[in-house]
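Enquirer: Contents of data.txt (compact mmCIF, C-alpha atoms and all ligand atoms) are below:
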```txt
# COMPACT_ATOMS: atom_id res chain seq x y z
CA MET A 1 39.82 -12.69 6.15
CA THR A 2 39.64 -16.23 4.80
CA ASP A 3 39.97 -16.85 1.07
CA PRO A 4 36.71 -17.41 -0.81
CA LEU A 5 35.58 -21.00 -0.99
CA GLN A 6 35.86 -22.44 -4.50
CA PRO A 7 33.30 -25.22 -4.76
CA ARG A 8 32.68 -26.71 -8.19
CA GLY A 9 29.46 -24.69 -8.70
CA GLY A 10 31.20 -21.30 -8.42
CA THR A 11 32.88 -19.05 -5.88
CA LEU A 12 31.47 -18.39 -2.44
CA ALA A 13 32.69 -15.28 -0.66
CA VAL A 14 33.11 -16.05 3.04
CA PRO A 15 31.72 -15.89 5.56
CA THR A 16 28.71 -17.32 3.83
CA PHE A 17 25.24 -18.34 4.94
CA LEU A 18 23.69 -21.27 3.09
CA PRO A 19 19.93 -21.53 3.67
CA ASP A 20 18.63 -25.05 4.23
CA ALA A 21 16.86 -26.40 1.17
CA THR A 22 16.73 -29.73 3.01
CA ARG A 23 14.42 -31.54 0.60
CA ALA A 24 15.61 -29.62 -2.49
CA GLY A 25 13.49 -26.59 -1.78
CA VAL A 26 13.31 -23.64 0.59
CA ARG A 27 9.70 -23.87 1.71
CA GLY A 28 7.41 -21.34 0.04
CA VAL A 29 9.99 -19.57 -2.13
CA SER A 30 11.34 -20.14 -5.64
CA SER A 31 14.92 -20.23 -6.90
CA ASP A 32 14.29 -16.82 -8.50
CA ASP A 33 13.18 -15.49 -5.11
CA LEU A 34 16.37 -16.81 -3.51
CA ARG A 35 18.56 -15.23 -6.17
CA ALA A 36 16.67 -11.93 -5.86
CA VAL A 37 17.47 -11.60 -2.14
CA GLY A 38 21.15 -12.39 -2.74
CA VAL A 39 21.40 -16.02 -1.60
CA GLU A 40 24.57 -17.53 -3.11
CA GLY A 41 24.48 -21.19 -2.12
CA LEU A 42 22.21 -23.80 -0.55
CA VAL A 43 22.39 -26.86 1.68
CA VAL A 44 20.41 -29.98 0.82
CA ASN A 45 20.20 -33.19 2.82
CA ALA A 46 21.35 -36.38 1.12
CA PHE A 47 19.59 -38.64 3.65
CA HIS A 48 16.19 -36.97 3.19
CA LEU A 49 16.55 -36.88 -0.62
CA MET A 50 17.46 -40.58 -0.64
CA ARG A 51 14.18 -41.29 1.19
CA ARG A 52 12.13 -39.00 -1.03
CA PRO A 53 12.05 -38.61 -4.01
CA GLY A 54 14.90 -41.15 -4.10
CA ALA A 55 18.33 -41.20 -5.70
CA ARG A 56 17.01 -42.60 -8.97
CA VAL A 57 14.63 -39.67 -9.46
CA MET A 58 17.41 -37.21 -8.63
CA GLN A 59 19.73 -38.87 -11.12
CA GLY A 60 17.02 -38.99 -13.77
CA ALA A 61 16.50 -35.26 -13.32
CA GLY A 62 20.18 -34.68 -14.07
CA GLY A 63 21.12 -33.95 -10.45
CA VAL A 64 19.89 -31.70 -7.71
CA HIS A 65 20.83 -28.44 -9.49
CA ARG A 66 18.58 -29.13 -12.45
CA PHE A 67 15.90 -30.74 -10.32
CA MET A 68 15.46 -27.53 -8.29
CA ASP A 69 16.68 -25.01 -10.90
CA TRP A 70 19.60 -23.74 -8.84
CA ASP A 71 22.88 -23.02 -10.62
CA GLY A 72 24.86 -21.80 -7.60
CA PRO A 73 26.93 -23.97 -5.25
CA ILE A 74 25.11 -26.71 -3.34
CA LEU A 75 26.48 -28.41 -0.24
CA SER A 76 24.86 -31.74 0.59
CA ASP A 77 24.82 -32.75 4.20
CA SER A 78 25.30 -36.48 4.71
CA GLY A 79 22.34 -36.87 7.05
CA GLY A 80 24.48 -38.26 9.88
CA PHE A 81 22.92 -35.74 12.23
CA GLN A 82 19.33 -36.36 11.08
CA VAL A 83 19.56 -40.14 11.26
CA TRP A 84 21.08 -39.89 14.74
CA SER A 85 18.35 -37.57 16.00
CA LEU A 86 15.56 -39.74 14.50
CA ILE A 87 17.01 -42.90 16.07
CA ARG A 88 17.52 -41.08 19.38
CA GLN A 89 13.85 -40.04 19.44
CA ASP A 90 12.73 -43.59 18.70
CA PRO A 91 15.26 -46.42 18.96
CA LYS A 92 12.94 -48.68 16.96
CA ARG A 93 13.80 -46.59 13.91
CA GLY A 94 17.26 -48.03 13.59
CA VAL A 95 20.71 -48.60 14.97
CA ILE A 96 24.17 -47.07 14.55
CA ARG A 97 26.85 -49.75 14.34
CA ASP A 98 30.63 -49.69 13.92
CA ASN A 99 30.47 -49.89 10.15
CA GLU A 100 26.99 -48.78 9.17
CA VAL A 101 23.77 -47.06 10.12
CA ILE A 102 20.51 -48.97 9.69
CA PHE A 103 17.37 -46.87 9.43
CA ARG A 104 13.81 -48.15 9.17
CA GLU A 105 11.17 -45.99 7.51
CA PRO A 106 8.43 -45.76 10.15
CA SER A 107 5.54 -45.62 7.66
CA THR A 108 6.61 -48.34 5.21
CA GLY A 109 9.09 -50.44 7.18
CA GLU A 110 11.57 -49.94 4.33
CA LYS A 111 15.16 -50.42 5.52
CA TRP A 112 18.03 -48.11 4.59
CA ASN A 113 21.60 -49.16 5.06
CA LEU A 114 24.00 -46.22 5.22
CA THR A 115 27.73 -46.75 4.98
CA PRO A 116 30.38 -44.06 4.45
CA GLU A 117 30.84 -45.29 0.87
CA ARG A 118 27.11 -45.40 0.10
CA VAL A 119 26.66 -41.85 1.40
CA ILE A 120 29.45 -40.57 -0.88
CA GLN A 121 27.92 -42.38 -3.87
CA LEU A 122 24.55 -40.90 -3.04
CA GLN A 123 25.95 -37.37 -2.92
CA LEU A 124 27.69 -37.96 -6.27
CA GLN A 125 24.31 -38.98 -7.70
CA LEU A 126 22.91 -35.69 -6.42
CA GLY A 127 25.79 -33.89 -8.12
CA SER A 128 26.38 -31.53 -5.18
CA ASP A 129 29.47 -29.33 -5.16
CA VAL A 130 30.47 -29.88 -1.54
CA LEU A 131 30.00 -33.33 0.01
CA VAL A 132 29.99 -34.12 3.72
CA CYS A 133 31.30 -37.38 5.22
CA LEU A 134 28.94 -39.58 7.22
CA ASP A 135 29.74 -39.07 10.91
CA ASP A 136 28.62 -40.59 14.21
CA CYS A 137 26.85 -37.78 15.99
CA THR A 138 26.59 -37.28 19.75
CA ASP A 139 25.09 -34.91 22.25
CA ALA A 140 27.56 -32.73 24.19
CA GLU A 141 26.06 -34.20 27.39
CA ALA A 142 26.73 -37.83 26.38
CA PRO A 143 29.16 -39.81 28.58
CA PRO A 144 32.89 -39.98 27.71
CA GLU A 145 32.79 -43.61 26.45
CA GLU A 146 30.15 -42.61 23.92
CA GLN A 147 32.17 -39.57 22.81
CA GLU A 148 35.29 -41.71 22.41
CA ARG A 149 33.44 -44.24 20.29
CA SER A 150 31.94 -41.44 18.21
CA VAL A 151 35.37 -39.91 17.49
CA GLU A 152 36.84 -43.30 16.58
CA ARG A 153 33.98 -44.08 14.18
CA THR A 154 33.84 -40.55 12.76
CA VAL A 155 37.54 -40.56 11.87
CA ARG A 156 37.40 -44.09 10.42
CA TRP A 157 34.29 -43.28 8.40
CA ALA A 158 35.86 -40.00 7.19
CA ARG A 159 38.91 -41.92 5.92
CA ARG A 160 36.64 -44.36 4.08
CA SER A 161 34.66 -41.43 2.64
CA ARG A 162 37.85 -39.75 1.41
CA GLU A 163 39.02 -42.98 -0.21
CA GLU A 164 35.64 -43.64 -1.81
CA LEU A 165 35.40 -40.13 -3.27
CA ASP A 166 38.95 -40.30 -4.65
CA ARG A 167 38.21 -43.73 -6.17
CA GLN A 168 34.93 -42.57 -7.74
CA VAL A 169 36.46 -39.38 -9.15
CA ALA A 170 39.31 -41.38 -10.74
CA GLN A 171 36.91 -44.02 -12.14
CA ARG A 172 34.39 -41.56 -13.54
CA GLY A 173 36.94 -38.98 -14.69
CA ILE A 174 34.83 -36.19 -13.18
CA ASP A 175 35.76 -32.81 -11.80
CA ALA A 176 36.19 -33.52 -8.07
CA PRO A 177 33.66 -31.98 -5.71
CA ARG A 178 34.93 -30.67 -2.37
CA LEU A 179 34.72 -32.95 0.66
CA PHE A 180 34.09 -31.78 4.23
CA ALA A 181 34.63 -33.91 7.34
CA VAL A 182 32.84 -33.42 10.66
CA VAL A 183 34.60 -33.02 14.01
CA GLN A 184 33.00 -34.83 16.96
CA GLY A 185 34.07 -35.19 20.60
CA GLY A 186 31.24 -33.53 22.49
CA ALA A 187 32.37 -31.17 25.24
CA ILE A 188 35.60 -33.08 25.97
CA GLU A 189 38.61 -31.02 25.00
CA HIS A 190 41.16 -33.74 24.24
CA LEU A 191 38.63 -35.66 22.10
CA ARG A 192 37.60 -32.60 20.06
CA ARG A 193 41.27 -31.75 19.48
CA GLN A 194 42.20 -35.37 18.69
CA CYS A 195 39.36 -35.64 16.18
CA ALA A 196 40.40 -32.37 14.47
CA VAL A 197 44.06 -33.46 14.29
CA GLU A 198 43.24 -36.90 12.86
CA LEU A 199 40.81 -35.54 10.27
CA ASN A 200 43.26 -32.84 9.23
CA ALA A 201 45.96 -35.51 8.76
CA ILE A 202 43.67 -37.33 6.29
CA GLY A 203 43.06 -34.04 4.47
CA PHE A 204 39.70 -32.44 3.67
CA ASP A 205 38.55 -29.26 1.97
CA GLY A 206 36.66 -28.12 5.04
CA TYR A 207 35.68 -29.17 8.55
CA GLY A 208 32.28 -29.04 10.20
CA PHE A 209 31.72 -28.58 13.92
CA GLY A 210 29.57 -31.65 14.60
CA GLY A 211 27.16 -32.86 17.23
CA TRP A 212 24.29 -31.00 18.77
CA PRO A 213 25.61 -27.41 18.52
CA LEU A 214 24.00 -25.91 21.62
CA ALA A 215 24.30 -26.42 25.36
CA ALA A 216 21.25 -27.51 27.40
CA ASP A 217 20.44 -23.83 28.16
CA GLY A 218 20.42 -22.97 24.42
CA SER A 219 23.77 -21.16 24.48
CA LEU A 220 26.50 -21.76 21.93
CA LEU A 221 29.18 -24.38 22.77
CA VAL A 222 31.81 -21.64 22.68
CA GLU A 223 34.68 -23.58 24.28
CA PRO A 224 34.35 -26.77 22.17
CA MET A 225 34.03 -24.60 19.06
CA ARG A 226 37.17 -22.74 20.07
CA TRP A 227 39.20 -25.98 20.63
CA VAL A 228 38.28 -27.21 17.16
CA ALA A 229 38.99 -23.87 15.45
CA GLU A 230 42.34 -23.53 17.27
CA THR A 231 43.44 -27.07 16.43
CA LEU A 232 42.70 -26.85 12.69
CA PRO A 233 44.93 -24.73 10.43
CA PRO A 234 43.74 -21.09 10.27
CA SER A 235 43.26 -21.39 6.50
CA ALA A 236 41.01 -24.49 6.72
CA PRO A 237 37.36 -23.59 5.97
CA LYS A 238 35.30 -24.20 9.10
CA HIS A 239 31.59 -24.94 8.92
CA ALA A 240 29.39 -24.23 11.94
CA LEU A 241 26.81 -26.91 11.09
CA GLY A 242 23.26 -25.90 11.95
CA ILE A 243 24.23 -22.54 13.50
CA GLY A 244 22.04 -20.37 13.54
CA ARG A 245 20.79 -17.52 15.49
CA PRO A 246 22.22 -14.14 14.39
CA ASP A 247 24.11 -13.57 17.67
CA HIS A 248 25.43 -17.17 17.58
CA VAL A 249 26.65 -16.57 14.01
CA VAL A 250 28.53 -13.45 15.14
CA ASN A 251 30.15 -15.40 18.01
CA ALA A 252 31.10 -18.37 15.84
CA PHE A 253 32.51 -16.08 13.14
CA ALA A 254 34.73 -14.44 15.77
CA LEU A 255 36.01 -17.94 16.66
CA GLY A 256 37.06 -18.58 13.04
CA TYR A 257 34.00 -20.25 11.47
CA SER A 258 33.11 -19.00 8.00
CA ILE A 259 30.38 -21.31 6.64
CA PHE A 260 26.93 -21.41 8.21
CA ASP A 261 23.66 -23.14 7.49
CA CYS A 262 20.50 -23.19 9.52
CA ALA A 263 16.78 -23.74 9.13
CA LEU A 264 16.10 -21.07 11.76
CA PRO A 265 15.56 -17.92 9.63
CA THR A 266 13.12 -19.61 7.26
CA ARG A 267 11.32 -21.53 10.03
CA ASP A 268 11.05 -18.39 12.17
CA ALA A 269 9.71 -16.49 9.15
CA ARG A 270 6.91 -19.02 8.68
CA HIS A 271 6.00 -18.51 12.33
CA GLY A 272 5.89 -14.73 11.92
CA ARG A 273 9.17 -14.06 13.72
CA LEU A 274 10.99 -11.46 11.66
CA TYR A 275 14.50 -10.19 12.26
CA ALA A 276 15.30 -6.50 12.16
CA PHE A 277 18.54 -4.62 12.76
CA ARG A 278 18.29 -2.15 15.62
CA PRO A 279 18.83 1.50 14.61
CA GLY A 280 22.47 1.78 13.47
CA GLY A 281 22.88 -2.02 13.62
CA ALA A 282 22.98 -2.33 9.83
CA ASP A 283 25.84 0.18 9.52
CA ARG A 284 28.70 -1.64 11.19
CA ARG A 285 30.03 -5.14 11.67
CA PRO A 286 28.42 -6.62 14.79
CA THR A 287 30.78 -7.90 17.48
CA PRO A 288 30.15 -10.73 19.97
CA GLY A 289 27.78 -9.59 22.70
CA ALA A 290 26.45 -6.63 20.69
CA ASP A 291 22.69 -6.08 20.83
CA PHE A 292 22.37 -5.44 17.10
CA TYR A 293 19.00 -6.93 16.17
CA ALA A 294 15.52 -7.64 17.47
CA ALA A 295 12.71 -9.96 16.47
CA VAL A 296 9.41 -8.50 15.31
CA ARG A 297 6.57 -10.89 16.23
CA ILE A 298 4.26 -9.91 13.44
CA HIS A 299 1.25 -11.72 14.99
CA ASP A 300 1.26 -9.27 17.94
CA PRO A 301 -1.86 -7.04 17.98
CA GLU A 302 0.22 -3.84 17.92
CA TYR A 303 1.11 -4.50 14.26
CA ARG A 304 -2.51 -4.53 13.07
CA VAL A 305 -2.38 -0.78 12.53
CA ASP A 306 1.39 -0.36 11.98
CA HIS A 307 1.83 0.97 8.46
CA GLY A 308 5.63 1.11 8.55
CA PRO A 309 7.90 -1.55 7.01
CA ILE A 310 9.18 -4.61 8.93
CA GLU A 311 12.53 -2.84 9.09
CA ASP A 312 13.35 0.70 8.03
CA GLY A 313 16.24 0.47 5.58
CA CYS A 314 15.68 -3.13 4.46
CA ASP A 315 15.53 -3.36 0.67
CA CYS A 316 13.58 -6.64 0.42
CA VAL A 317 10.26 -6.90 -1.39
CA ALA A 318 8.32 -7.27 1.87
CA CYS A 319 9.78 -4.04 3.30
CA THR A 320 9.83 -1.90 0.15
CA ARG A 321 6.31 -2.78 -1.00
CA HIS A 322 4.35 -3.74 2.11
CA SER A 323 3.68 -2.71 5.69
CA ARG A 324 3.73 -4.55 9.00
CA ALA A 325 -0.07 -4.16 9.03
CA TYR A 326 -0.36 -5.96 5.68
CA LEU A 327 1.94 -8.81 6.77
CA HIS A 328 0.02 -9.08 10.07
CA HIS A 329 -3.24 -9.28 8.08
CA LEU A 330 -1.92 -11.92 5.64
CA PHE A 331 -0.78 -14.09 8.56
CA LYS A 332 -4.13 -13.63 10.34
CA VAL A 333 -6.13 -14.77 7.29
CA GLY A 334 -3.73 -17.66 6.62
CA ASP A 335 -2.59 -16.41 3.21
CA HIS A 336 0.51 -18.34 2.11
CA SER A 337 2.06 -15.23 0.59
CA ALA A 338 2.64 -14.08 4.20
CA GLU A 339 5.12 -16.94 4.67
CA ARG A 340 6.81 -16.17 1.36
CA LEU A 341 7.26 -12.47 2.11
CA ALA A 342 8.43 -13.19 5.66
CA THR A 343 10.92 -15.80 4.42
CA LEU A 344 12.34 -13.40 1.84
CA HIS A 345 12.72 -10.70 4.48
CA ASN A 346 14.53 -12.99 6.95
CA LEU A 347 16.84 -14.33 4.24
CA ARG A 348 17.60 -10.77 3.13
CA PHE A 349 18.42 -9.94 6.77
CA TYR A 350 20.96 -12.81 6.79
CA VAL A 351 22.46 -11.72 3.45
CA ARG A 352 22.87 -8.20 4.85
CA LEU A 353 24.31 -9.55 8.13
CA PHE A 354 26.91 -11.56 6.21
CA GLU A 355 27.78 -8.54 4.06
CA LEU A 356 28.55 -6.71 7.32
CA LEU A 357 30.68 -9.61 8.60
CA ARG A 358 32.69 -9.59 5.35
CA ARG A 359 33.63 -5.92 5.84
ZN ZN B 1 12.84 -6.68 4.52
```
When written as structure tokens, how does the structure in this file appear?
Expert:
Amino acid sequence: MTDPLQPRGGTLAVPTFLPDATRAGVRGVSSDDLRAVGVEGLVVNAFHLMRRPGARVMQGAGGVHRFMDWDGPILSDSGGFQVWSLIRQDPKRGVIRDNEVIFREPSTGEKWNLTPERVIQLQLQLGSDVLVCLDDCTDAEAPPEEQERSVERTVRWARRSREELDRQVAQRGIDAPRLFAVVQGGAIEHLRRQCAVELNAIGFDGYGFGGWPLAADGSLLVEPMRWVAETLPPSAPKHALGIGRPDHVVNAFALGYSIFDCALPTRDARHGRLYAFRPGGADRRPTPGADFYAAVRIHDPEYRVDHGPIEDGCDCVACTRHSRAYLHHLFKVGDHSAERLATLHNLRFYVRLFELLRR
């Protein structure tokens, strides 16, 4: 078992799941709700918060913790992944160069210039406890030249990020936040290993598995994840960025990853897709390949008259106080409390899953 992570905002037992509060909020639920279901830490996105409400507003609020009333640890993602996927969808939105990323706001034409240094400064303005270096993201399917360039930039940008954080901490005399780097290299073994070795030589508090995390068929990139985990020291915290699905989490945990974040459980909840342990599934630690959970599609007509809970044995507010029939009804009439209850149930499922993995 890996040692607990000690970010500035407190201790995180690992493995840990950090729900995505991308824009400083988990949609439809309050900080009290999150605490009540046992959530210990959150992930926000520095790139999105820079766009709206803007770094000045965040700073004026006294940082992201006070802004959103969350006193637990907060990890801020750099936004390298988001800016890459937005530019990939529409090349007119910007360009990724050797020393910077230029992004144009589609609605206003406003131009953002992201450098490794600027992204560290931005995350310091947010006051997050774990910072993530700007990286140059790729798709696992991208050609080798692109993967090579991505690794070269990612390592160079990580070094500049490390230097900038150390300089800022010394200048400001502040308690240093943790800094995570991101390993790129696509599905090419020697590049993934080279990137992990070079980042580890610079020295970071944790390492994210970067790039699009799934293969074209939706399966986990098991081999690339294994190369990275094997190359890094066993004690180095490993973050499976954007992963995910409960069975993917179990697989990645078995490979040595201990920090997870994903928008999936909250997004699925809003779409009425609720996770439930299969009978006996909540009693033992799931192993890779185990069929330990199922998804209840609460919109299905069969739940209209189902007066049982979403999951027998779940202690969340949705399961202890309400029935599947009630949730089905709330979704049907478009009542927003349906999304809140469903989100709390799915987050509670993840908290319980991670308690099993810690056993
Ligand atoms: Zn529940």
Enquirer: Using all atoms listed in the file, which protein or nucleic acid residues come within 10 Å of Gly62 of chain A? Drop anything in the same chain fewer than 4 positions from it, and give the result as a VMD selection string.
Expert: chain A and resid 56 to 58 66 to 67 125 to 127
Enquirer: Just the selected residues (C-alpha atoms), exported as a PDB file, in the frame of the given file, please.
Expert:
```pdb
ATOM      1  CA  ARG A  56      17.010 -42.600  -8.970  1.00  0.00           C
ATOM      2  CA  VAL A  57      14.630 -39.670  -9.460  1.00  0.00           C
ATOM      3  CA  MET A  58      17.410 -37.210  -8.630  1.00  0.00           C
ATOM      4  CA  ARG A  66      18.580 -29.130 -12.450  1.00  0.00           C
ATOM      5  CA  PHE A  67      15.900 -30.740 -10.320  1.00  0.00           C
ATOM      6  CA  GLN A 125      24.310 -38.980  -7.700  1.00  0.00           C
ATOM      7  CA  LEU A 126      22.910 -35.690  -6.420  1.00  0.00           C
ATOM      8  CA  GLY A 127      25.790 -33.890  -8.120  1.00  0.00           C
TER       9      GLY A 127
END
```
Enquirer: With distances taken over all atoms listed in the file, which residue among A:Ile202, A:Ala216, A:Leu344, A:Val351 lies nearest ligand ZN 1 (chain B)?
Expert: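 Between A:Ile202, A:Ala216, A:Leu344, A:Val351, the residue approaching ligand ZN 1 (chain B) most closely is A:Leu344.
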Enquirer: Just want the 9 Å neighbourhood of segment 101-116 of chain A, counted on only C-alpha atoms, with same-chain residues fewer than 5 positions away dropped. Output as a ChimeraX atom specification.
Expert: /A:47,51,80,83-84,86-87,92-96,121,133-135,157-161,164
Enquirer: Nearest to Ala21 of chain A among A:Ser258, A:Thr266, A:Gln171, A:Gln59, with distances taken over all atoms listed in the file: which residue is it?
Expert: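 Of the candidates, the smallest distance to Ala21 of chain A is held by A:Thr266.
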Enquirer: In the coordinates of the file, take the point (26.3, -7.2, 20.4) and a cut-off of 12 Å; then, counting all atoms listed in the file, name each qualifying protein, DNA or RNA residue as a PyMOL selection string.
Expert: chain A and resi 246-251+277-278+280-281+284-294
Enquirer: Ligand ZN 1 (chain B): which residues are within 6 Å, counting only C-alpha atoms and all ligand atoms? Reply as number ranges by chain.
Expert: A: 311, 314-316, 318-319, 345
Enquirer: Quick one: everything within 8 Å of Ile298 of chain A, counting only C-alpha atoms, minus sequence neighbours fewer than 5 positions away in the same chain. Send it as a PyMOL selection string.
Expert: chain A and resi 272-274+303+324+327-328
Enquirer: Residues near Ala13 of chain A, anyone? I mean within 9 Å using all atoms listed in the file, not counting same-chain ones fewer than 2 positions away, as a PyMOL selection string.
Expert: chain A and resi 2-6+11+15-16+40+358
Enquirer: Applying 12 Å and only C-alpha atoms, which residues near Leu34 of chain A remain after dropping the ones on its own chain fewer than 6 positions away? List them as a PyMOL selection string.
Expert: chain A and resi 18-21+25-28+40-42+68-72+266+316-317+340-341+343-348+350-351
Enquirer: Quick one: pull the distance between atom CA of Asp217 of chain A and atom CA of Ala252 of chain A, Å, one decimal.
Expert: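 Calculated distance between atom CA of Asp217 of chain A and atom CA of Ala252 of chain A is 17.2 Å.
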Enquirer: Kindly extract all protein, DNA and RNA residues lying within 10 Å of the coordinates (38.3, -33.9, 14.4) given in the file, considering all atoms listed in the file, and supply them as JSON, numbers by chain.
Expert: {"A": [151, 152, 154, 155, 158, 181, 182, 183, 184, 185, 191, 192, 193, 194, 195, 196, 197, 198, 199, 200, 201, 207, 208, 209, 210, 228, 231, 232]}
Enquirer: With C-alpha atoms retained, write the just-selected residues as a PDB file, in the frame of the given file.
Expert:
```
ATOM      1  CA  VAL A 151      35.370 -39.910  17.490  1.00  0.00           C
ATOM      2  CA  GLU A 152      36.840 -43.300  16.580  1.00  0.00           C
ATOM      3  CA  THR A 154      33.840 -40.550  12.760  1.00  0.00           C
ATOM      4  CA  VAL A 155      37.540 -40.560  11.870  1.00  0.00           C
ATOM      5  CA  ALA A 158      35.860 -40.000   7.190  1.00  0.00           C
ATOM      6  CA  ALA A 181      34.630 -33.910   7.340  1.00  0.00           C
ATOM      7  CA  VAL A 182      32.840 -33.420  10.660  1.00  0.00           C
ATOM      8  CA  VAL A 183      34.600 -33.020  14.010  1.00  0.00           C
ATOM      9  CA  GLN A 184      33.000 -34.830  16.960  1.00  0.00           C
ATOM     10  CA  GLY A 185      34.070 -35.190  20.600  1.00  0.00           C
ATOM     11  CA  LEU A 191      38.630 -35.660  22.100  1.00  0.00           C
ATOM     12  CA  ARG A 192      37.600 -32.600  20.060  1.00  0.00           C
ATOM     13  CA  ARG A 193      41.270 -31.750  19.480  1.00  0.00           C
ATOM     14  CA  GLN A 194      42.200 -35.370  18.690  1.00  0.00           C
ATOM     15  CA  CYS A 195      39.360 -35.640  16.180  1.00  0.00           C
ATOM     16  CA  ALA A 196      40.400 -32.370  14.470  1.00  0.00           C
ATOM     17  CA  VAL A 197      44.060 -33.460  14.290  1.00  0.00           C
ATOM     18  CA  GLU A 198      43.240 -36.900  12.860  1.00  0.00           C
ATOM     19  CA  LEU A 199      40.810 -35.540  10.270  1.00  0.00           C
ATOM     20  CA  ASN A 200      43.260 -32.840   9.230  1.00  0.00           C
ATOM     21  CA  ALA A 201      45.960 -35.510   8.760  1.00  0.00           C
ATOM     22  CA  TYR A 207      35.680 -29.170   8.550  1.00  0.00           C
ATOM     23  CA  GLY A 208      32.280 -29.040  10.200  1.00  0.00           C
ATOM     24  CA  PHE A 209      31.720 -28.580  13.920  1.00  0.00           C
ATOM     25  CA  GLY A 210      29.570 -31.650  14.600  1.00  0.00           C
ATOM     26  CA  VAL A 228      38.280 -27.210  17.160  1.00  0.00           C
ATOM     27  CA  THR A 231      43.440 -27.070  16.430  1.00  0.00           C
ATOM     28  CA  LEU A 232      42.700 -26.850  12.690  1.00  0.00           C
TER      29      LEU A 232
END
```
Enquirer: When you count all atoms listed in the file, which of these residues is closest to Val43 of chain A: A:Gly203, A:Gly79, A:Pro143, A:Gly10?
Expert: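 Ranked by minimum distance to Val43 of chain A, first place goes to A:Gly79.
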Enquirer: Could you produce a table of the residues of segment 173-271 of chain A lying within 7 Å of segment 128-131 of chain A, with the nearest pair of atoms per residue and their separation in Å rounded to one decimal, using all atoms listed in the file, ordered by chain and increasing residue number, as JSON lines?
Expert:
```
{"residue": "A:Pro177", "atom": "CA", "partner": "A:Asp129", "partner_atom": "CA", "distance": 5.0}
{"residue": "A:Arg178", "atom": "CA", "partner": "A:Val130", "partner_atom": "CA", "distance": 4.6}
{"residue": "A:Leu179", "atom": "CA", "partner": "A:Leu131", "partner_atom": "CA", "distance": 4.8}
{"residue": "A:Phe180", "atom": "CA", "partner": "A:Leu131", "partner_atom": "CA", "distance": 6.1}
```
Enquirer: Write the residues you've just listed into a file as a PDB file, in the coordinates of the input, and include C-alpha atoms for each of them.
Expert:
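Saved file part_14.pdb follows:
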```pdb
ATOM      1  CA  PRO A 177      33.660 -31.980  -5.710  1.00  0.00           C
ATOM      2  CA  ARG A 178      34.930 -30.670  -2.370  1.00  0.00           C
ATOM      3  CA  LEU A 179      34.720 -32.950   0.660  1.00  0.00           C
ATOM      4  CA  PHE A 180      34.090 -31.780   4.230  1.00  0.00           C
TER       5      PHE A 180
END
```
Enquirer: Which value, in Å to one decimal, gives the distance between atom CA of Arg88 of chain A and atom CA of Arg153 of chain A?
Expert: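 Rounded to one decimal, the two atoms are 17.5 Å apart.
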Enquirer: One number please: atom CA of Arg149 of chain A to atom CA of Cys137 of chain A, in Å, one decimal.
Expert: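 It comes out at 10.2 Å.
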